[in-house]
Amino acid sequence: MEDGGHVVYRPGGVPEEGGNFVFKPPPHRPSKLARSVAIVGRILIGAGLLVLGFVVYQLWGTGIQYAHSQDQLRSEFNRAAGGAPPPAVTTTVNTEPTTTTGPVATTIADPATSQAPPSTVPPPTAKPIDLSGIKEGDPLALLRIPKIGVDDVVVAGVSRDDLRKGPGHYPDTPLPGQRGNAAIAGHRTTFGAPFGRVDELRPGDDILVTTLAGSYHYRVNAMPKIVSPNNLSVIANTPAATLTLTSCHPRFSAKQRIVITADLVPEESAAVAAPTPNAYGTKGEPNDETDAVTPDAAASPGTPVATAATAAPSSSVDELAAGWFSDSGAWFPTFLFALIGAGLLIGAWYIGRRWSRVAIYLATAPLFIVALYFFYENVSRLLPPNL
């Protein structure tokens with residue numbers, strides 16, 4: 001509206017071109033309750049995304065660590081083997097010429113009725129491997145299971161840290177290729193899940209193990225067996241060369257153990273060695289991995305009790321006894337990376353108010369992801385081992 005050539009302003013009104021008067025109401029401000037609900041909603045959404053990210057880290061992110069460890073272990077094993085795989089089994093055939101005089105009678109045996117007599121010659125025995133320099137966590141053997149796609153380096157020991165690198169050998173059991181029951185544990189869900197498909201193994205399936213002494217061929221001899229976590233009978237010693245694989249069962253749980261047993265195929269393996277006493281040293285770490293069978297001091301009557309010849313690693317403890325926040329060394333790095341991540345978010349928000357938010361967020365995202373990765377890694381150490 002105009003008055004004598006002047007534009008008249010009205011409360012709440014804004015003049016436009018030509019003097020037209022347009023009314024615009026004052027901006028609406030949400031109530032304190034609405035603002036509080038919005039803040040709580042954002043916090044819950046953020047917490048949900050953090051939990052989802054942690055699940056992704058557990059199922060796939062831990063595989064990054066596993067793959068890196070496996071690359072290092074494979075290089076170390078190849079160096080220990082002299083840059084080439086240990087010798088495979090060889091078969092010697094007697095080719096000395098035989099001289100005969102006079103007529104020779106030839107008898108054709110009926111394959112349906114004739115059988116070769118069982119061999120009474122014991123298999124050759126190799127010398128035990130010198131493992132004086134081997135410590136828990138060091139590469140010990142190469143494990144291949146063609147049916148389920150396993151091709152991993154086996155480490156010495158079955159502690160939590162050992163099995164984050166690869167399948168672990170029970171220290172107090174014979175080595176693969178030695179007389180007795182060689183036992184190996186491995187993850188089924190996280191950290192590469194090398195034993196994720198062991199439930200698919202059936203009698204007759206092949207398991208190939210290569211050590212510094214040679215290559216050994218095992219064959220699965222029974223269907224997978226499900227036992228309690230403290231059933232030590234599955235890793236008890238045997239008179240012949242056998243192999244036992246253990247992992248948690250069912251997947252995503254540590255309630256039970258799945259066990260695969262296999263027999264050595266002597267004619268397709270290198271010479272069998274006597275068990276190595278005190279195979280390798282330990283680092284004093286508790287063997288609290290969920291995929292290994294461990295003794296339980298509170299086991300119910302009737303649970304097999306290990307003897308000196310069948311015992312699990314002497315330093316092992318029942319990992320199920322460990323509860324929340326059992327790894328006190330994880331507290332500081334957890335808080336540290338939580339603060340770093342929060343600082344990056346707050347800094348990006350504050351700077352984004354004055355400059356381009358998209359550019360700031362894109363620049364901050366890589367740093368935040370790295371901090372979040374290490375935060376998840378240390379949070380994982382605070383959880384109970386059976387989760």
# chains A, B, ... in the order shown; residues from 1 in each chain; ligands from 1
>>> residues_around(residues="A:Gln256", least_positions_apart="5", cutoff="12 Å", atoms="only C-alpha atoms", output="PDB file with N, CA and C atoms, in the first residue's frame")
ATOM      1  N   LYS A 225      30.851 -84.462  13.908  1.00  0.00           N
ATOM      2  CA  LYS A 225      30.341 -84.791  15.242  1.00  0.00           C
ATOM      3  C   LYS A 225      30.147 -83.491  16.025  1.00  0.00           C
ATOM      4  N   ILE A 226      29.078 -83.395  16.795  1.00  0.00           N
ATOM      5  CA  ILE A 226      28.792 -82.228  17.624  1.00  0.00           C
ATOM      6  C   ILE A 226      29.013 -82.611  19.087  1.00  0.00           C
ATOM      7  N   VAL A 227      29.843 -81.855  19.797  1.00  0.00           N
ATOM      8  CA  VAL A 227      30.169 -82.167  21.190  1.00  0.00           C
ATOM      9  C   VAL A 227      30.081 -80.892  22.012  1.00  0.00           C
ATOM     10  N   SER A 228      30.205 -81.046  23.318  1.00  0.00           N
ATOM     11  CA  SER A 228      30.221 -79.902  24.220  1.00  0.00           C
ATOM     12  C   SER A 228      31.583 -79.204  24.142  1.00  0.00           C
ATOM     13  N   PRO A 229      31.663 -77.950  24.565  1.00  0.00           N
ATOM     14  CA  PRO A 229      32.926 -77.215  24.444  1.00  0.00           C
ATOM     15  C   PRO A 229      34.074 -77.797  25.252  1.00  0.00           C
ATOM     16  N   ASN A 230      33.774 -78.575  26.297  1.00  0.00           N
ATOM     17  CA  ASN A 230      34.843 -79.100  27.155  1.00  0.00           C
ATOM     18  C   ASN A 230      35.068 -80.596  26.965  1.00  0.00           C
ATOM     19  N   ASN A 231      34.624 -81.149  25.849  1.00  0.00           N
ATOM     20  CA  ASN A 231      34.797 -82.579  25.593  1.00  0.00           C
ATOM     21  C   ASN A 231      36.195 -82.825  25.025  1.00  0.00           C
ATOM     22  N   THR A 246      38.437 -78.798  14.718  1.00  0.00           N
ATOM     23  CA  THR A 246      37.365 -78.353  15.608  1.00  0.00           C
ATOM     24  C   THR A 246      36.997 -76.910  15.301  1.00  0.00           C
ATOM     25  N   SER A 247      35.724 -76.579  15.514  1.00  0.00           N
ATOM     26  CA  SER A 247      35.259 -75.204  15.349  1.00  0.00           C
ATOM     27  C   SER A 247      33.980 -75.045  16.155  1.00  0.00           C
ATOM     28  N   CYS A 248      33.499 -73.794  16.258  1.00  0.00           N
ATOM     29  CA  CYS A 248      32.292 -73.544  17.040  1.00  0.00           C
ATOM     30  C   CYS A 248      31.059 -74.000  16.272  1.00  0.00           C
ATOM     31  N   HIS A 249      29.988 -74.297  17.010  1.00  0.00           N
ATOM     32  CA  HIS A 249      28.742 -74.762  16.415  1.00  0.00           C
ATOM     33  C   HIS A 249      27.582 -74.363  17.313  1.00  0.00           C
ATOM     34  N   PRO A 250      26.453 -73.944  16.739  1.00  0.00           N
ATOM     35  CA  PRO A 250      26.261 -73.642  15.314  1.00  0.00           C
ATOM     36  C   PRO A 250      26.956 -72.347  14.943  1.00  0.00           C
ATOM     37  N   ARG A 251      26.884 -71.972  13.684  1.00  0.00           N
ATOM     38  CA  ARG A 251      27.512 -70.723  13.272  1.00  0.00           C
ATOM     39  C   ARG A 251      26.905 -69.559  14.046  1.00  0.00           C
ATOM     40  N   THR A 290      37.087 -69.481  21.080  1.00  0.00           N
ATOM     41  CA  THR A 290      35.806 -70.158  21.117  1.00  0.00           C
ATOM     42  C   THR A 290      35.748 -71.386  20.235  1.00  0.00           C
ATOM     43  N   ASP A 291      36.641 -71.527  19.279  1.00  0.00           N
ATOM     44  CA  ASP A 291      36.571 -72.650  18.357  1.00  0.00           C
ATOM     45  C   ASP A 291      37.362 -73.854  18.853  1.00  0.00           C
ATOM     46  N   ALA A 292      38.047 -73.725  19.951  1.00  0.00           N
ATOM     47  CA  ALA A 292      38.823 -74.824  20.502  1.00  0.00           C
ATOM     48  C   ALA A 292      38.053 -75.488  21.637  1.00  0.00           C
ATOM     49  N   VAL A 293      38.303 -76.769  21.845  1.00  0.00           N
ATOM     50  CA  VAL A 293      37.740 -77.437  23.016  1.00  0.00           C
ATOM     51  C   VAL A 293      38.673 -77.179  24.183  1.00  0.00           C
ATOM     52  N   THR A 294      38.111 -76.891  25.333  1.00  0.00           N
ATOM     53  CA  THR A 294      38.917 -76.503  26.477  1.00  0.00           C
ATOM     54  C   THR A 294      38.406 -77.171  27.738  1.00  0.00           C
ATOM     55  N   LEU A 320      34.814 -69.885  28.056  1.00  0.00           N
ATOM     56  CA  LEU A 320      33.450 -69.497  28.369  1.00  0.00           C
ATOM     57  C   LEU A 320      33.358 -68.826  29.738  1.00  0.00           C
ATOM     58  N   ASN A 386      32.607 -65.790  23.813  1.00  0.00           N
ATOM     59  CA  ASN A 386      31.610 -66.683  23.226  1.00  0.00           C
ATOM     60  C   ASN A 386      30.519 -65.959  22.459  1.00  0.00           C
TER      61      ASN A 386
END
>>> closest_atom_pairs(of="stretch 160-272 of chain A", to="stretch 59-74 of chain A", cutoff="12 Å", atoms="only C-alpha atoms", output="CSV")
residue,atom,partner,partner_atom,distance
A:Asp161,CA,A:Tyr66,CA,10.9
A:Asp162,CA,A:Ser69,CA,10.2
A:Leu163,CA,A:Tyr66,CA,9.2
A:Arg164,CA,A:Tyr66,CA,6.3
A:Lys165,CA,A:Ser69,CA,5.3
A:Gly166,CA,A:Gln70,CA,6.8
A:Pro167,CA,A:Gln70,CA,10.1
A:Gly186,CA,A:Tyr66,CA,11.9
A:His187,CA,A:Tyr66,CA,10.7
A:Arg188,CA,A:Leu59,CA,10.4
A:Thr189,CA,A:Leu59,CA,6.8
A:Thr190,CA,A:Leu59,CA,5.4
A:Phe191,CA,A:Thr62,CA,4.7
A:Gly192,CA,A:Gly63,CA,4.5
A:Ala193,CA,A:Gly63,CA,7.9
A:Pro194,CA,A:Tyr66,CA,9.7
A:Gly196,CA,A:Leu59,CA,11.6
A:Thr210,CA,A:Arg74,CA,12.0
A:Arg251,CA,A:Leu59,CA,11.5
A:Phe252,CA,A:Leu59,CA,9.7
>>> write_last_selection(atoms="N, CA and C atoms", output="PDB file, in the first residue's frame")
ATOM      1  N   ASP A 161      44.400 -64.670  20.026  1.00  0.00           N
ATOM      2  CA  ASP A 161      45.240 -63.951  19.074  1.00  0.00           C
ATOM      3  C   ASP A 161      45.771 -64.872  17.984  1.00  0.00           C
ATOM      4  N   ASP A 162      46.076 -66.125  18.341  1.00  0.00           N
ATOM      5  CA  ASP A 162      46.581 -67.073  17.339  1.00  0.00           C
ATOM      6  C   ASP A 162      45.546 -67.321  16.255  1.00  0.00           C
ATOM      7  N   LEU A 163      44.304 -67.590  16.661  1.00  0.00           N
ATOM      8  CA  LEU A 163      43.278 -67.949  15.697  1.00  0.00           C
ATOM      9  C   LEU A 163      42.756 -66.762  14.918  1.00  0.00           C
ATOM     10  N   ARG A 164      43.134 -65.562  15.290  1.00  0.00           N
ATOM     11  CA  ARG A 164      42.824 -64.413  14.452  1.00  0.00           C
ATOM     12  C   ARG A 164      43.739 -64.368  13.227  1.00  0.00           C
ATOM     13  N   LYS A 165      44.837 -65.112  13.280  1.00  0.00           N
ATOM     14  CA  LYS A 165      45.767 -65.159  12.153  1.00  0.00           C
ATOM     15  C   LYS A 165      45.453 -66.302  11.197  1.00  0.00           C
ATOM     16  N   GLY A 166      44.993 -67.430  11.742  1.00  0.00           N
ATOM     17  CA  GLY A 166      44.717 -68.593  10.912  1.00  0.00           C
ATOM     18  C   GLY A 166      44.311 -69.768  11.771  1.00  0.00           C
ATOM     19  N   PRO A 167      43.979 -70.902  11.167  1.00  0.00           N
ATOM     20  CA  PRO A 167      43.698 -72.110  11.962  1.00  0.00           C
ATOM     21  C   PRO A 167      44.878 -72.406  12.885  1.00  0.00           C
ATOM     22  N   GLY A 186      39.765 -73.714  14.271  1.00  0.00           N
ATOM     23  CA  GLY A 186      39.658 -72.567  13.381  1.00  0.00           C
ATOM     24  C   GLY A 186      38.321 -71.871  13.510  1.00  0.00           C
ATOM     25  N   HIS A 187      38.308 -70.598  13.120  1.00  0.00           N
ATOM     26  CA  HIS A 187      37.071 -69.812  13.169  1.00  0.00           C
ATOM     27  C   HIS A 187      36.079 -70.302  12.123  1.00  0.00           C
ATOM     28  N   ARG A 188      34.802 -70.113  12.451  1.00  0.00           N
ATOM     29  CA  ARG A 188      33.749 -70.503  11.532  1.00  0.00           C
ATOM     30  C   ARG A 188      32.903 -69.317  11.086  1.00  0.00           C
ATOM     31  N   THR A 189      33.064 -68.164  11.725  1.00  0.00           N
ATOM     32  CA  THR A 189      32.229 -67.009  11.395  1.00  0.00           C
ATOM     33  C   THR A 189      33.053 -65.768  11.109  1.00  0.00           C
ATOM     34  N   THR A 190      33.979 -65.438  11.992  1.00  0.00           N
ATOM     35  CA  THR A 190      34.764 -64.217  11.845  1.00  0.00           C
ATOM     36  C   THR A 190      36.200 -64.536  11.453  1.00  0.00           C
ATOM     37  N   PHE A 191      36.977 -63.466  11.223  1.00  0.00           N
ATOM     38  CA  PHE A 191      38.399 -63.581  10.899  1.00  0.00           C
ATOM     39  C   PHE A 191      38.644 -64.590   9.774  1.00  0.00           C
ATOM     40  N   GLY A 192      38.017 -64.321   8.643  1.00  0.00           N
ATOM     41  CA  GLY A 192      38.214 -65.151   7.476  1.00  0.00           C
ATOM     42  C   GLY A 192      37.402 -66.418   7.451  1.00  0.00           C
ATOM     43  N   ALA A 193      36.868 -66.842   8.596  1.00  0.00           N
ATOM     44  CA  ALA A 193      36.044 -68.057   8.694  1.00  0.00           C
ATOM     45  C   ALA A 193      36.635 -69.210   7.900  1.00  0.00           C
ATOM     46  N   PRO A 194      37.893 -69.618   8.195  1.00  0.00           N
ATOM     47  CA  PRO A 194      38.483 -70.715   7.415  1.00  0.00           C
ATOM     48  C   PRO A 194      37.714 -72.021   7.531  1.00  0.00           C
ATOM     49  N   GLY A 196      34.411 -72.212   8.018  1.00  0.00           N
ATOM     50  CA  GLY A 196      33.007 -71.864   7.896  1.00  0.00           C
ATOM     51  C   GLY A 196      32.154 -72.945   7.264  1.00  0.00           C
ATOM     52  N   THR A 210      50.730 -79.657   4.559  1.00  0.00           N
ATOM     53  CA  THR A 210      52.155 -79.592   4.233  1.00  0.00           C
ATOM     54  C   THR A 210      52.902 -78.969   5.392  1.00  0.00           C
ATOM     55  N   ARG A 251      26.884 -71.972  13.684  1.00  0.00           N
ATOM     56  CA  ARG A 251      27.512 -70.723  13.272  1.00  0.00           C
ATOM     57  C   ARG A 251      26.905 -69.559  14.046  1.00  0.00           C
ATOM     58  N   PHE A 252      27.738 -68.558  14.330  1.00  0.00           N
ATOM     59  CA  PHE A 252      27.356 -67.374  15.099  1.00  0.00           C
ATOM     60  C   PHE A 252      27.088 -67.709  16.563  1.00  0.00           C
TER      61      PHE A 252
END
>>> select_by_dssp(residues="stretch 163-231 of chain A", states="helix (DSSP H, G or I)", output="list of chain:residue names")
A:Leu163, A:Val198, A:Asp199, A:Glu200
>>> write_last_selection(atoms="N, CA and C atoms", output="tab-separated table (two decimals), in the first residue's frame")
chain	number	residue	atom	x	y	z
A	163	LEU	N	44.30	-67.59	16.66
A	163	LEU	CA	43.28	-67.95	15.70
A	163	LEU	C	42.76	-66.76	14.92
A	198	VAL	N	33.01	-76.44	7.30
A	198	VAL	CA	33.45	-77.80	7.67
A	198	VAL	C	32.27	-78.75	7.87
A	199	ASP	N	31.09	-78.20	8.11
A	199	ASP	CA	29.92	-79.06	8.27
A	199	ASP	C	29.56	-79.77	6.96
A	200	GLU	N	30.13	-79.33	5.84
A	200	GLU	CA	29.86	-79.96	4.54
A	200	GLU	C	30.76	-81.16	4.27
>>> atom_distance(atom1="atom CA of A:Glu76", atom2="atom CA of A:Asp138")
8.4 Å
>>> atom_distance(atom1="atom CA of A:Ala240", atom2="atom CA of A:Asp205")
18.8 Å
>>> residues_around(residues="stretch 342-357 of chain A", least_positions_apart="2", cutoff="12 Å", atoms="only C-alpha atoms", output="compact mmCIF listing (two decimals) with C-alpha atoms, in the first residue's frame")
# COMPACT_ATOMS: atom_id res chain seq x y z
CA GLY A 46 23.36 -42.92 15.10
CA PHE A 335 38.04 -44.56 24.45
CA LEU A 336 40.86 -43.00 22.44
CA PHE A 337 39.40 -43.91 19.04
CA ALA A 338 35.89 -43.04 20.26
CA LEU A 339 37.11 -39.54 21.11
CA ILE A 340 38.92 -39.24 17.79
CA ALA A 359 33.46 -30.85 0.71
CA ILE A 360 34.14 -30.99 4.46
CA TYR A 361 32.27 -34.27 4.91
CA LEU A 362 34.05 -35.88 1.96
CA ALA A 363 37.42 -34.78 3.35
CA THR A 364 36.61 -36.06 6.86
CA ALA A 365 35.00 -39.38 5.88
CA PRO A 366 38.25 -41.39 5.27
CA LEU A 367 39.70 -40.32 8.63
CA PHE A 368 36.45 -41.14 10.41
CA ILE A 369 36.27 -44.61 8.82
CA VAL A 370 39.81 -45.41 9.97
CA ALA A 371 39.05 -44.26 13.52
CA LEU A 372 35.80 -46.25 13.48
CA PHE A 375 37.23 -48.45 17.60
>>> atom_distance(atom1="atom CA of A:Phe77", atom2="atom CA of A:Gln58")
27.5 Å
